[in-house]
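Here is the structure we will look at.
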Amino acid sequence: QVQLVESGGGSVQIEGSLRLSCAVSGNIYNSYSMAWFRRAPGKEREGVAAIGPNDDTYYADSVKGRFTISRDKNNRALWLQMNNLKTEDSAIYYCAASRGPKFIPSWYLESNKYDFWGQGAQVTVSS
């Protein structure tokens, strides 16, 4: 089992920045893929950013150039740096981990490919 705990959420004004963290514990391996998802009120959960076993990264079009995903070399921490935030970025953000198998690029932002989830962290962007 893998446990994921998010932190770093909060309230920020538009064009501000936040950095989300995800603490990882349990039986996780470097072969796991990791990702951030979000769910806004009244909307479905969507993939935001993902990082594969070889540190290849994938982003939703809506956050490219503004968000950066990274992790430590032992897969014990995952981060999401969010810059130039917009009101539409307001959501609950979830950290997720996947055992695999090896993904094709289009899979990285699909929630059904992930096995373990954190409880979520609220991000609110206001004007």
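Residues are named by chain letter and number: chains run A, B, ... in the order of the structure tokens, numbers start at 1 in each chain, and ligands are numbered from 1 in the order shown.
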- Task: For stretch 46-60 of chain A, list every protein, DNA or RNA residue within 12 Å, evaluated using only C-alpha atoms, and leave out those in the same chain fewer than 5 positions away; present the list as number ranges by chain.
- Result: A: 28-41, 65-75, 78-82, 89, 91-114
- Message: Between atom CA of A:Val24 and atom CA of A:Leu4, what distance in Å does the model show, to one decimal?
- Response: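 Taking atom CA of A:Val24 as the start and atom CA of A:Leu4 as the end point, the length is 4.9 Å.
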- Task: Kindly indicate which residue among A:Asn84, A:Ser7, A:Gln1, A:Gln13 lies nearest to A:Val125, using only C-alpha atoms for the distances.
- Result: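 That would be A:Gln13, the residue with the smallest distance to A:Val125.
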- Backbone-only DSSP, strand (DSSP E) members of stretch 15-109 of chain A, as number ranges by chain: A: 18-26, 33-39, 46-51, 57-59, 67-71, 77-82, 91-98
- Residue contacts of A:Val2 (6 Å, only C-alpha atoms) excluding same-chain residues fewer than 6 positions away, as a list of chain:residue names: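 So the residues in contact are A:Ser25, A:Gly26, A:Asn27.
Atom CA of A:Ser126 to atom CA of A:Ser90 spans 8.3 Å [interatomic distance, one decimal].
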- Message: Would you compute the distance between atom CA of A:Glu88 and atom CA of A:Gly8? Give it in Å to one decimal.
- Response: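 It comes out at 18.2 Å.
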- Task: Report as a PyMOL selection string: the residues of stretch 80-120 of chain A with a DSSP assignment of helix (DSSP H, G or I), based on the backbone of this structure.
- Result: chain A and resi 87-89+105-107+111-113
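The shortest atom-to-atom distance to A:Gly16, with only C-alpha atoms taken into account, belongs to A:Thr124 out of A:Glu44, A:Thr124, A:Ser62, A:Gln119.
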